[in-house]
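What follows is the content of final37.cif (mmCIF, C-alpha atoms and all ligand atoms).
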```
data_final
#
loop_
_atom_site.label_atom_id
_atom_site.label_comp_id
_atom_site.auth_asym_id
_atom_site.auth_seq_id
_atom_site.Cartn_x
_atom_site.Cartn_y
_atom_site.Cartn_z
CA MET A 1248 141.23 -19.28 19.94
CA TYR A 1249 141.56 -17.25 16.77
CA ASN A 1250 144.81 -18.75 15.56
CA VAL A 1251 144.10 -21.35 12.89
CA ARG A 1252 147.47 -22.98 13.58
CA GLU A 1253 146.04 -24.20 16.89
CA TRP A 1254 142.94 -25.78 15.36
CA ARG A 1255 142.35 -29.44 14.54
CA HIS A 1256 138.69 -29.60 13.53
CA VAL A 1257 136.03 -27.29 12.17
CA PHE A 1258 132.42 -27.70 11.13
CA LYS A 1259 131.38 -25.86 7.96
CA LEU A 1260 127.74 -24.80 8.07
CA ASP A 1261 125.94 -23.96 4.86
CA PRO A 1262 123.61 -20.92 5.15
CA ASN A 1263 121.56 -22.44 2.34
CA LYS A 1264 120.66 -25.50 4.46
CA GLU A 1265 118.30 -25.91 7.41
CA ILE A 1266 119.63 -26.80 10.85
CA ASP A 1267 117.42 -26.90 13.94
CA ASP A 1268 118.37 -25.26 17.24
CA GLU A 1269 119.03 -28.55 19.00
CA LEU A 1270 121.50 -29.82 16.40
CA LEU A 1271 123.15 -26.40 16.12
CA GLU A 1272 123.72 -26.40 19.88
CA ARG A 1273 125.26 -29.88 19.77
CA VAL A 1274 127.52 -28.85 16.86
CA CYS A 1275 128.67 -25.66 18.59
CA GLU A 1276 129.25 -27.44 21.89
CA SER A 1277 130.92 -30.48 20.33
CA GLY A 1278 134.46 -29.32 21.10
CA THR A 1279 135.13 -28.32 17.49
CA ASP A 1280 137.55 -25.42 17.18
CA ALA A 1281 135.41 -23.12 15.04
CA ILE A 1282 132.32 -22.78 12.92
CA VAL A 1283 132.91 -21.76 9.32
CA VAL A 1284 129.87 -20.33 7.57
CA GLY A 1285 130.09 -20.96 3.85
CA GLY A 1286 128.82 -22.62 0.73
CA SER A 1287 129.03 -22.21 -2.98
CA ASP A 1288 125.42 -21.64 -4.01
CA GLY A 1289 122.25 -20.12 -2.63
CA VAL A 1290 124.31 -18.10 -0.14
CA THR A 1291 122.75 -14.69 0.45
CA LEU A 1292 123.38 -11.86 2.88
CA ASP A 1293 120.09 -12.73 4.63
CA ASN A 1294 120.84 -16.40 5.23
CA VAL A 1295 124.45 -15.60 6.24
CA LEU A 1296 123.33 -13.04 8.83
CA GLU A 1297 120.63 -15.37 10.16
CA LEU A 1298 123.13 -18.18 10.72
CA MET A 1299 125.75 -15.81 12.14
CA VAL A 1300 123.35 -14.58 14.82
CA ARG A 1301 122.46 -18.15 15.81
CA VAL A 1302 126.10 -19.32 15.99
CA ARG A 1303 127.15 -16.19 17.87
CA ARG A 1304 125.27 -17.41 20.99
CA PHE A 1305 128.08 -19.94 21.52
CA PRO A 1306 131.59 -19.12 22.70
CA LEU A 1307 133.66 -20.36 19.76
CA PRO A 1308 135.15 -18.58 16.74
CA CYS A 1309 132.66 -17.86 13.98
CA VAL A 1310 134.25 -17.46 10.57
CA LEU A 1311 132.76 -16.35 7.25
CA GLU A 1312 134.22 -18.07 4.22
CA VAL A 1313 133.57 -15.44 1.58
CA SER A 1314 132.23 -17.00 -1.62
CA SER A 1315 130.73 -13.87 -3.22
CA LEU A 1316 130.91 -10.10 -2.79
CA GLU A 1317 127.23 -10.06 -1.85
CA VAL A 1318 127.84 -11.74 1.53
CA VAL A 1319 130.66 -9.53 2.83
CA THR A 1320 129.40 -8.16 6.15
CA PRO A 1321 130.87 -7.12 9.51
CA GLY A 1322 130.25 -9.25 12.60
CA PHE A 1323 132.43 -12.34 12.13
CA ASP A 1324 135.61 -13.09 14.10
CA LEU A 1325 137.56 -13.98 10.97
CA TYR A 1326 137.07 -13.99 7.21
CA PHE A 1327 138.46 -16.83 5.13
CA ILE A 1328 139.16 -15.66 1.59
CA PRO A 1329 139.44 -18.48 -0.95
CA ALA A 1330 141.76 -18.10 -3.94
CA VAL A 1331 141.56 -21.06 -6.29
CA LEU A 1332 145.05 -22.27 -7.21
CA ASN A 1333 143.97 -24.74 -9.90
CA THR A 1334 141.81 -22.61 -12.15
CA THR A 1335 142.73 -20.61 -15.22
CA GLU A 1336 139.89 -18.14 -14.56
CA ALA A 1337 141.52 -15.09 -13.04
CA ASP A 1338 138.32 -13.91 -11.32
CA TRP A 1339 138.70 -16.70 -8.75
CA ILE A 1340 142.40 -16.07 -8.13
CA THR A 1341 142.60 -12.28 -7.85
CA GLY A 1342 139.71 -10.75 -9.82
CA LEU A 1343 136.95 -10.72 -7.21
CA HIS A 1344 139.54 -10.02 -4.54
CA PHE A 1345 140.55 -6.89 -6.42
CA GLU A 1346 136.89 -5.81 -6.59
CA ALA A 1347 136.59 -6.45 -2.84
CA MET A 1348 139.65 -4.31 -2.10
CA LYS A 1349 138.09 -1.45 -4.07
CA GLU A 1350 134.76 -1.79 -2.27
CA TYR A 1351 135.78 -2.71 1.29
CA GLY A 1352 139.50 -1.84 1.44
CA GLU A 1353 139.06 1.11 3.77
CA LEU A 1354 136.61 -0.66 6.08
CA MET A 1355 138.43 -3.92 6.61
CA ASN A 1356 140.74 -5.02 9.40
CA PRO A 1357 143.57 -6.93 7.69
CA ASP A 1358 144.17 -8.98 10.87
CA GLU A 1359 140.75 -10.59 10.40
CA LEU A 1360 141.40 -11.74 6.83
CA VAL A 1361 142.96 -15.15 6.17
CA VAL A 1362 143.68 -16.25 2.59
CA GLU A 1363 143.06 -19.89 1.71
CA GLY A 1364 144.89 -21.31 -1.29
CA TYR A 1365 142.25 -23.74 -2.58
CA CYS A 1366 143.20 -26.83 -4.56
CA ILE A 1367 139.86 -28.20 -5.76
CA ALA A 1368 140.51 -31.88 -6.36
CA ASN A 1369 136.96 -33.06 -7.10
CA PRO A 1370 136.02 -31.63 -10.51
CA GLU A 1371 132.40 -32.76 -10.04
CA CYS A 1372 131.75 -30.50 -7.04
CA LYS A 1373 129.83 -27.23 -7.30
CA ALA A 1374 132.84 -25.08 -6.42
CA ALA A 1375 134.86 -26.72 -9.24
CA LYS A 1376 132.11 -26.07 -11.79
CA LEU A 1377 131.68 -22.49 -10.57
CA THR A 1378 135.38 -21.66 -10.75
CA GLY A 1379 136.39 -23.73 -13.79
CA ALA A 1380 138.68 -26.01 -11.78
CA LEU A 1381 137.76 -28.85 -14.11
CA LYS A 1382 140.99 -30.81 -14.47
CA ARG A 1383 141.41 -33.42 -11.73
CA PRO A 1384 144.81 -32.84 -10.11
CA ASP A 1385 146.77 -36.05 -9.40
CA ALA A 1386 148.91 -36.54 -6.30
CA GLU A 1387 151.92 -34.95 -7.98
CA ASP A 1388 149.86 -31.92 -9.01
CA ILE A 1389 148.51 -31.60 -5.47
CA SER A 1390 152.07 -31.65 -4.11
CA ALA A 1391 153.01 -28.90 -6.55
CA TYR A 1392 150.02 -26.80 -5.45
CA ALA A 1393 151.01 -27.37 -1.81
CA ARG A 1394 154.50 -26.11 -2.64
CA LEU A 1395 153.00 -23.13 -4.45
CA ALA A 1396 150.90 -22.23 -1.42
CA GLY A 1397 153.43 -23.10 1.28
CA HIS A 1398 156.87 -22.40 -0.12
CA LEU A 1399 156.29 -19.83 -2.86
CA TRP A 1400 153.31 -17.72 -1.84
CA LYS A 1401 153.60 -18.54 1.89
CA LEU A 1402 149.84 -18.45 2.31
CA PRO A 1403 148.31 -18.89 5.77
CA ILE A 1404 146.13 -21.82 4.61
CA PHE A 1405 146.38 -24.54 1.96
CA TYR A 1406 142.92 -26.08 1.51
CA LEU A 1407 142.70 -29.47 -0.19
CA GLU A 1408 139.06 -29.50 -1.26
CA TYR A 1409 137.21 -32.66 -2.27
CA SER A 1410 133.76 -31.23 -1.38
CA GLY A 1411 131.25 -34.11 -1.33
CA LYS A 1412 133.82 -36.86 -1.98
CA TYR A 1413 136.36 -38.53 0.29
CA GLY A 1414 139.81 -37.71 -1.02
CA ASP A 1415 143.12 -39.36 -1.81
CA VAL A 1416 144.81 -40.08 1.52
CA LYS A 1417 148.26 -40.56 -0.07
CA ALA A 1418 148.00 -37.16 -1.78
CA ALA A 1419 147.05 -35.62 1.56
CA GLN A 1420 150.02 -37.30 3.22
CA LYS A 1421 152.41 -35.89 0.60
CA ALA A 1422 150.90 -32.42 0.91
CA ALA A 1423 151.27 -32.64 4.69
CA ASP A 1424 154.96 -33.54 4.39
CA ILE A 1425 155.56 -30.52 2.17
CA LEU A 1426 153.58 -28.13 4.34
CA SER A 1427 155.22 -29.33 7.55
CA GLU A 1428 158.32 -27.44 6.38
CA THR A 1429 156.30 -24.20 6.13
CA LYS A 1430 154.11 -21.92 8.23
CA THR A 1431 151.07 -22.77 6.07
CA THR A 1432 148.24 -24.57 7.85
CA PHE A 1433 146.89 -27.58 5.97
CA PHE A 1434 143.08 -27.82 5.82
CA TYR A 1435 141.45 -30.93 4.37
CA GLY A 1436 137.73 -30.98 3.49
CA GLY A 1437 135.48 -33.32 1.57
CA GLY A 1438 133.31 -36.38 2.01
CA ILE A 1439 134.04 -37.10 5.65
CA LYS A 1440 131.10 -39.15 6.91
CA THR A 1441 132.61 -41.24 9.70
CA ALA A 1442 134.91 -40.90 12.68
CA GLU A 1443 137.32 -43.34 10.99
CA GLN A 1444 137.67 -41.14 7.92
CA ALA A 1445 138.13 -38.05 10.09
CA LYS A 1446 140.82 -39.83 12.07
CA GLU A 1447 142.56 -41.01 8.88
CA MET A 1448 142.73 -37.52 7.32
CA GLY A 1449 143.48 -36.06 10.75
CA GLN A 1450 146.80 -37.93 10.76
CA TYR A 1451 147.93 -35.67 7.92
CA ALA A 1452 145.83 -32.50 7.80
CA ASP A 1453 146.33 -29.88 10.49
CA VAL A 1454 142.62 -29.10 10.33
CA VAL A 1455 139.82 -31.42 9.22
CA VAL A 1456 136.66 -29.79 7.85
CA VAL A 1457 133.30 -31.56 8.12
CA GLY A 1458 130.41 -30.07 6.14
CA ASN A 1459 127.59 -32.03 4.54
CA ALA A 1460 127.72 -34.87 7.10
CA ILE A 1461 126.29 -32.51 9.72
CA TYR A 1462 123.07 -32.41 7.72
CA ASP A 1463 123.12 -35.97 6.36
CA PHE A 1464 124.57 -38.05 9.23
CA PRO A 1465 124.60 -35.77 12.31
CA GLU A 1466 125.37 -38.46 14.90
CA GLU A 1467 128.41 -39.68 12.97
CA ALA A 1468 129.46 -36.11 12.16
CA LEU A 1469 129.55 -35.19 15.86
CA LYS A 1470 131.89 -38.13 16.53
CA THR A 1471 134.47 -36.72 14.10
CA VAL A 1472 135.55 -34.09 16.64
CA THR A 1473 137.05 -36.47 19.19
CA ALA A 1474 138.26 -38.78 16.42
CA VAL A 1475 140.40 -35.98 14.99
CA LYS A 1476 141.46 -34.57 18.33
CA ASN A 1477 142.61 -38.00 19.54
CA SER A 1478 144.58 -38.70 16.34
CA VAL A 1479 148.24 -37.80 16.24
C1 LIG A 1501 133.61 -4.14 7.62
C2 LIG A 1501 133.59 -5.18 6.58
C3 LIG A 1501 132.58 -5.06 5.51
C4 LIG A 1501 134.46 -6.18 6.69
C5 LIG A 1501 134.65 -7.28 5.77
C6 LIG A 1501 136.04 -7.38 5.25
C7 LIG A 1501 136.07 -8.35 4.10
C8 LIG A 1501 135.69 -9.74 4.39
C9 LIG A 1501 136.41 -7.94 2.88
C10 LIG A 1501 136.42 -8.83 1.67
C11 LIG A 1501 137.80 -9.23 1.28
C12 LIG A 1501 137.90 -10.16 0.10
C13 LIG A 1501 139.23 -10.23 -0.56
C14 LIG A 1501 136.86 -10.87 -0.36
C15 LIG A 1501 136.98 -11.85 -1.51
C16 LIG A 1501 135.84 -11.76 -2.43
C17 LIG A 1501 135.58 -13.01 -3.25
C18 LIG A 1501 134.19 -13.19 -3.68
C19 LIG A 1501 136.54 -13.91 -3.60
C20 LIG A 1501 136.31 -15.17 -4.40
C21 LIG A 1501 136.18 -16.40 -3.55
C22 LIG A 1501 136.06 -17.68 -4.36
C23 LIG A 1501 137.26 -18.16 -5.06
C24 LIG A 1501 134.89 -18.34 -4.44
C25 LIG A 1501 134.67 -19.54 -5.26
C26 LIG A 1501 133.87 -20.66 -4.59
C27 LIG A 1501 134.59 -21.27 -3.45
C28 LIG A 1501 135.97 -21.80 -3.60
C29 LIG A 1501 133.95 -21.31 -2.27
C30 LIG A 1501 134.55 -21.87 -1.05
C31 LIG A 1501 133.55 -22.63 -0.26
C32 LIG A 1501 133.19 -23.99 -0.76
C33 LIG A 1501 134.08 -24.73 -1.67
C34 LIG A 1501 132.05 -24.50 -0.32
C35 LIG A 1501 131.55 -25.82 -0.76
O1 LIG A 1501 130.36 -25.59 -1.33
P1 LIG A 1501 129.03 -26.34 -0.95
O2 LIG A 1501 127.90 -25.45 -1.31
O3 LIG A 1501 129.09 -26.85 0.44
O4 LIG A 1501 129.05 -27.53 -1.96
P2 LIG A 1501 128.23 -28.86 -1.86
O5 LIG A 1501 126.80 -28.50 -2.04
O6 LIG A 1501 128.81 -29.68 -3.00
O7 LIG A 1501 128.45 -29.44 -0.53
O1 LIG A 1502 130.73 -31.01 2.77
P1 LIG A 1502 131.92 -31.87 2.79
O2 LIG A 1502 131.99 -32.90 1.71
O3 LIG A 1502 132.16 -32.45 4.17
O4 LIG A 1502 133.18 -30.91 2.52
C1 LIG A 1502 133.52 -29.96 3.47
C2 LIG A 1502 134.13 -28.75 2.84
O5 LIG A 1502 135.42 -29.00 2.41
C3 LIG A 1502 133.29 -28.14 1.75
O6 LIG A 1502 133.84 -26.92 1.38
MG MG A 1503 128.39 -28.41 1.37
#
```
If you convert what's in this file into structure tokens, what do you get?
Ligand SMILES: CC(C)=CCC/C(C)=C/CC/C(C)=C/CC/C(C)=C/CC/C(C)=C/CC/C(C)=C/CC/C(C)=C/COP(=O)(O)OP(=O)(O)O
Ligand SMILES: O=P(O)(O)OC[C@@H](O)CO
Ligand SMILES: [Mg+2]
Amino acid sequence: MYNVREWRHVFKLDPNKEIDDELLERVCESGTDAIVVGGSDGVTLDNVLELMVRVRRFPLPCVLEVSSLEVVTPGFDLYFIPAVLNTTEADWITGLHFEAMKEYGELMNPDELVVEGYCIANPECKAAKLTGALKRPDAEDISAYARLAGHLWKLPIFYLEYSGKYGDVKAAQKAADILSETKTTFFYGGGIKTAEQAKEMGQYADVVVVGNAIYDFPEEALKTVTAVKNSV
């Protein structure tokens, strides 16, 4: 299932964090729709390849979320390419992407690349500090970014990112309303620690992303899959 429009839930695994074989197996066999390999610091080609090989033993899509040029490598089913909508630093919107086109343009298969319009709504998270997305967008701003991604740029994915912090449910609801009129798939990620939270965001987001909870609260994290899939 390589069409993100059909997904409801993904686990994001951080190559810079340890996960044992038993937990990895439970994560990959949980019924989640895909594994996204990504993180914003300490991500190297070595730890990306190591995790890719381990995830590849399981029959579900394995996606690399490209956070630096160093980790671009063949072998994944899909490549998610973040472009940060709410930064003024051009490197994170088109700059590194331009460098990537120069370096990998002739090698890449465009069908495997999926652009994510990122709205980073937690200015304290690492990705916000890295990319200079330091102004907290309010619900109205988030709606405007959803319109930018969905109506104007017609991106495949709008990603409302609260990395590490549970987000504003009303803002997610408004973004969902806007994106429901478009072909853009709405990803929500950030701070989901319980099945209840996953279910709540799953009412609005097309795809719910669970990251840190896998490492911090694995039993609860595993329950988020059915919670999202059973929500409307
Ligand atoms: C044959 C071959 C080589 C094929 C490959 C084809 C290919 C993939 C070509 C590259 C195409 C391309 C356009 C690449 C883009 C290059 C690039 C570096 C773009 C910039 C991306 C970007 C904006 C990064 C900023 C950081 C960011 C938004 C990361 C997203 C992930 C994220 C937010 C993780 C959360 O971080 P985490 O570490 O989990 O944080 P916590 O510790 O707080 O949890
Ligand atoms: O790690 P958490 O807070 O679950 O966030 C998931 C993902 O959106 C991070 O990019
Ligand atoms: Mg993380």
Problem - Neighbour list for A:Glu1346 as a PyMOL selection string, cut-off 12 Å, all atoms listed in the file, skip fewer than 6 positions in-chain - result: chain A and resi 1315-1317+1319+1338-1340+1352
Practice task
Residues up to 7 Å from ligand MG 1503 (chain A), counting all atoms listed in the file: could you list those as a list of chain:residue names?
Solution key: A:Asp1261, A:Gly1286, A:Ser1410, A:Gly1411, A:Gly1458, A:Asn1459
Only C-alpha atoms, please: the residues just picked out, written as a PDB file, keeping the file's coordinate frame.
```
ATOM      1  CA  ASP A1261     125.940 -23.960   4.860  1.00  0.00           C
ATOM      2  CA  GLY A1286     128.820 -22.620   0.730  1.00  0.00           C
ATOM      3  CA  SER A1410     133.760 -31.230  -1.380  1.00  0.00           C
ATOM      4  CA  GLY A1411     131.250 -34.110  -1.330  1.00  0.00           C
ATOM      5  CA  GLY A1458     130.410 -30.070   6.140  1.00  0.00           C
ATOM      6  CA  ASN A1459     127.590 -32.030   4.540  1.00  0.00           C
TER       7      ASN A1459
END
```
Practice task
State, in Å with one decimal place, the distance from atom CA of A:His1256 to atom CA of A:Tyr1406.
Solution key: 13.2 Å
Handout entry: Within-10 Å residues of ligand LIG 1502 (chain A), basis all atoms listed in the file, as an NGL selection string
Key = :A and (1257-1261 or 1283-1287 or 1312 or 1365 or 1367 or 1372-1374 or 1406-1414 or 1434-1440 or 1455-1463 or 1468)
Same residues, C-alpha atoms, saved as a PDB file, in the frame of the given file:
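The file below, part-v7.pdb, is the result:
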```
ATOM      1  CA  VAL A1257     136.030 -27.290  12.170  1.00  0.00           C
ATOM      2  CA  PHE A1258     132.420 -27.700  11.130  1.00  0.00           C
ATOM      3  CA  LYS A1259     131.380 -25.860   7.960  1.00  0.00           C
ATOM      4  CA  LEU A1260     127.740 -24.800   8.070  1.00  0.00           C
ATOM      5  CA  ASP A1261     125.940 -23.960   4.860  1.00  0.00           C
ATOM      6  CA  VAL A1283     132.910 -21.760   9.320  1.00  0.00           C
ATOM      7  CA  VAL A1284     129.870 -20.330   7.570  1.00  0.00           C
ATOM      8  CA  GLY A1285     130.090 -20.960   3.850  1.00  0.00           C
ATOM      9  CA  GLY A1286     128.820 -22.620   0.730  1.00  0.00           C
ATOM     10  CA  SER A1287     129.030 -22.210  -2.980  1.00  0.00           C
ATOM     11  CA  GLU A1312     134.220 -18.070   4.220  1.00  0.00           C
ATOM     12  CA  TYR A1365     142.250 -23.740  -2.580  1.00  0.00           C
ATOM     13  CA  ILE A1367     139.860 -28.200  -5.760  1.00  0.00           C
ATOM     14  CA  CYS A1372     131.750 -30.500  -7.040  1.00  0.00           C
ATOM     15  CA  LYS A1373     129.830 -27.230  -7.300  1.00  0.00           C
ATOM     16  CA  ALA A1374     132.840 -25.080  -6.420  1.00  0.00           C
ATOM     17  CA  TYR A1406     142.920 -26.080   1.510  1.00  0.00           C
ATOM     18  CA  LEU A1407     142.700 -29.470  -0.190  1.00  0.00           C
ATOM     19  CA  GLU A1408     139.060 -29.500  -1.260  1.00  0.00           C
ATOM     20  CA  TYR A1409     137.210 -32.660  -2.270  1.00  0.00           C
ATOM     21  CA  SER A1410     133.760 -31.230  -1.380  1.00  0.00           C
ATOM     22  CA  GLY A1411     131.250 -34.110  -1.330  1.00  0.00           C
ATOM     23  CA  LYS A1412     133.820 -36.860  -1.980  1.00  0.00           C
ATOM     24  CA  TYR A1413     136.360 -38.530   0.290  1.00  0.00           C
ATOM     25  CA  GLY A1414     139.810 -37.710  -1.020  1.00  0.00           C
ATOM     26  CA  PHE A1434     143.080 -27.820   5.820  1.00  0.00           C
ATOM     27  CA  TYR A1435     141.450 -30.930   4.370  1.00  0.00           C
ATOM     28  CA  GLY A1436     137.730 -30.980   3.490  1.00  0.00           C
ATOM     29  CA  GLY A1437     135.480 -33.320   1.570  1.00  0.00           C
ATOM     30  CA  GLY A1438     133.310 -36.380   2.010  1.00  0.00           C
ATOM     31  CA  ILE A1439     134.040 -37.100   5.650  1.00  0.00           C
ATOM     32  CA  LYS A1440     131.100 -39.150   6.910  1.00  0.00           C
ATOM     33  CA  VAL A1455     139.820 -31.420   9.220  1.00  0.00           C
ATOM     34  CA  VAL A1456     136.660 -29.790   7.850  1.00  0.00           C
ATOM     35  CA  VAL A1457     133.300 -31.560   8.120  1.00  0.00           C
ATOM     36  CA  GLY A1458     130.410 -30.070   6.140  1.00  0.00           C
ATOM     37  CA  ASN A1459     127.590 -32.030   4.540  1.00  0.00           C
ATOM     38  CA  ALA A1460     127.720 -34.870   7.100  1.00  0.00           C
ATOM     39  CA  ILE A1461     126.290 -32.510   9.720  1.00  0.00           C
ATOM     40  CA  TYR A1462     123.070 -32.410   7.720  1.00  0.00           C
ATOM     41  CA  ASP A1463     123.120 -35.970   6.360  1.00  0.00           C
ATOM     42  CA  ALA A1468     129.460 -36.110  12.160  1.00  0.00           C
TER      43      ALA A1468
END
```
Contact residues around A:Glu1387 with only C-alpha atoms at 10 Å, ignoring same-chain residues under 6 positions, as a short mmCIF file (atom, residue, chain, number, x, y, z; two decimals) with C-alpha atoms, in the frame of the given file:
```cif
data_model
loop_
_atom_site.label_atom_id
_atom_site.label_comp_id
_atom_site.auth_asym_id
_atom_site.auth_seq_id
_atom_site.Cartn_x
_atom_site.Cartn_y
_atom_site.Cartn_z
CA ALA A 1393 151.01 -27.37 -1.81
CA ALA A 1418 148.00 -37.16 -1.78
CA LYS A 1421 152.41 -35.89 0.60
CA ALA A 1422 150.90 -32.42 0.91
#
```
Practice task
May I have the residues within 12 Å of A:Asp1267 as a ChimeraX atom specification, using all atoms listed in the file and disregarding those fewer than 5 positions away in the same chain?
Solution key: /A:1272-1274,1298,1301-1302,1461-1462,1465
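Taking atom CA of A:Ala1396 as the reference point, atom CA of A:Thr1431 is found at 7.5 Å.
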Using only the atoms of stretch 1343-1353 of chain A listed in the file, plus 6 Å on each side, state the axis-aligned box centre and edge lengths in Å rounded to one decimal, as AutoDock Vina command-line options.
```
--center_x 137.7 --center_y -4.8 --center_z -1.7 --size_x 17.8 --size_y 23.8 --size_z 23.0
```
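In this model, the gap between atom CA of A:Thr1279 and atom O5 of ligand LIG 1501 (chain A) comes to 21.2 Å.
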Problem - Nearest-residue call for ligand LIG 1501 (chain A), choices A:Asn1356, A:Gln1420, A:Ser1277, A:Asn1250, using only C-alpha atoms and all ligand atoms - result: A:Asn1356
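Between ligand LIG 1501 (chain A) and the residues A:Asp1293, A:Glu1467, A:Asp1453, A:Glu1371, the shortest atom-to-atom distance, using only C-alpha atoms and all ligand atoms, involves A:Glu1371.
Remark: for ligand LIG 1501 (chain A), the closest of the candidate residues A:Tyr1249, A:Phe1305, A:Phe1464, A:Phe1345 is A:Phe1345 (distances computed over only C-alpha atoms and all ligand atoms).
With all atoms listed in the file as the basis for measurement, A:Leu1354 is the residue among A:Ala1445, A:Val1361, A:Leu1354, A:Ala1452 that approaches ligand LIG 1501 (chain A) most closely.
Among the candidates A:Lys1382, A:Lys1430, A:Lys1470, A:His1344, the residue lying nearest to ligand LIG 1501 (chain A) is A:His1344 (atoms considered: only C-alpha atoms and all ligand atoms).
Nearest residue to ligand LIG 1501 (chain A), choosing from A:Thr1473, A:Asn1294, A:Thr1378, A:Asn1369 and counting only C-alpha atoms and all ligand atoms: A:Thr1378.
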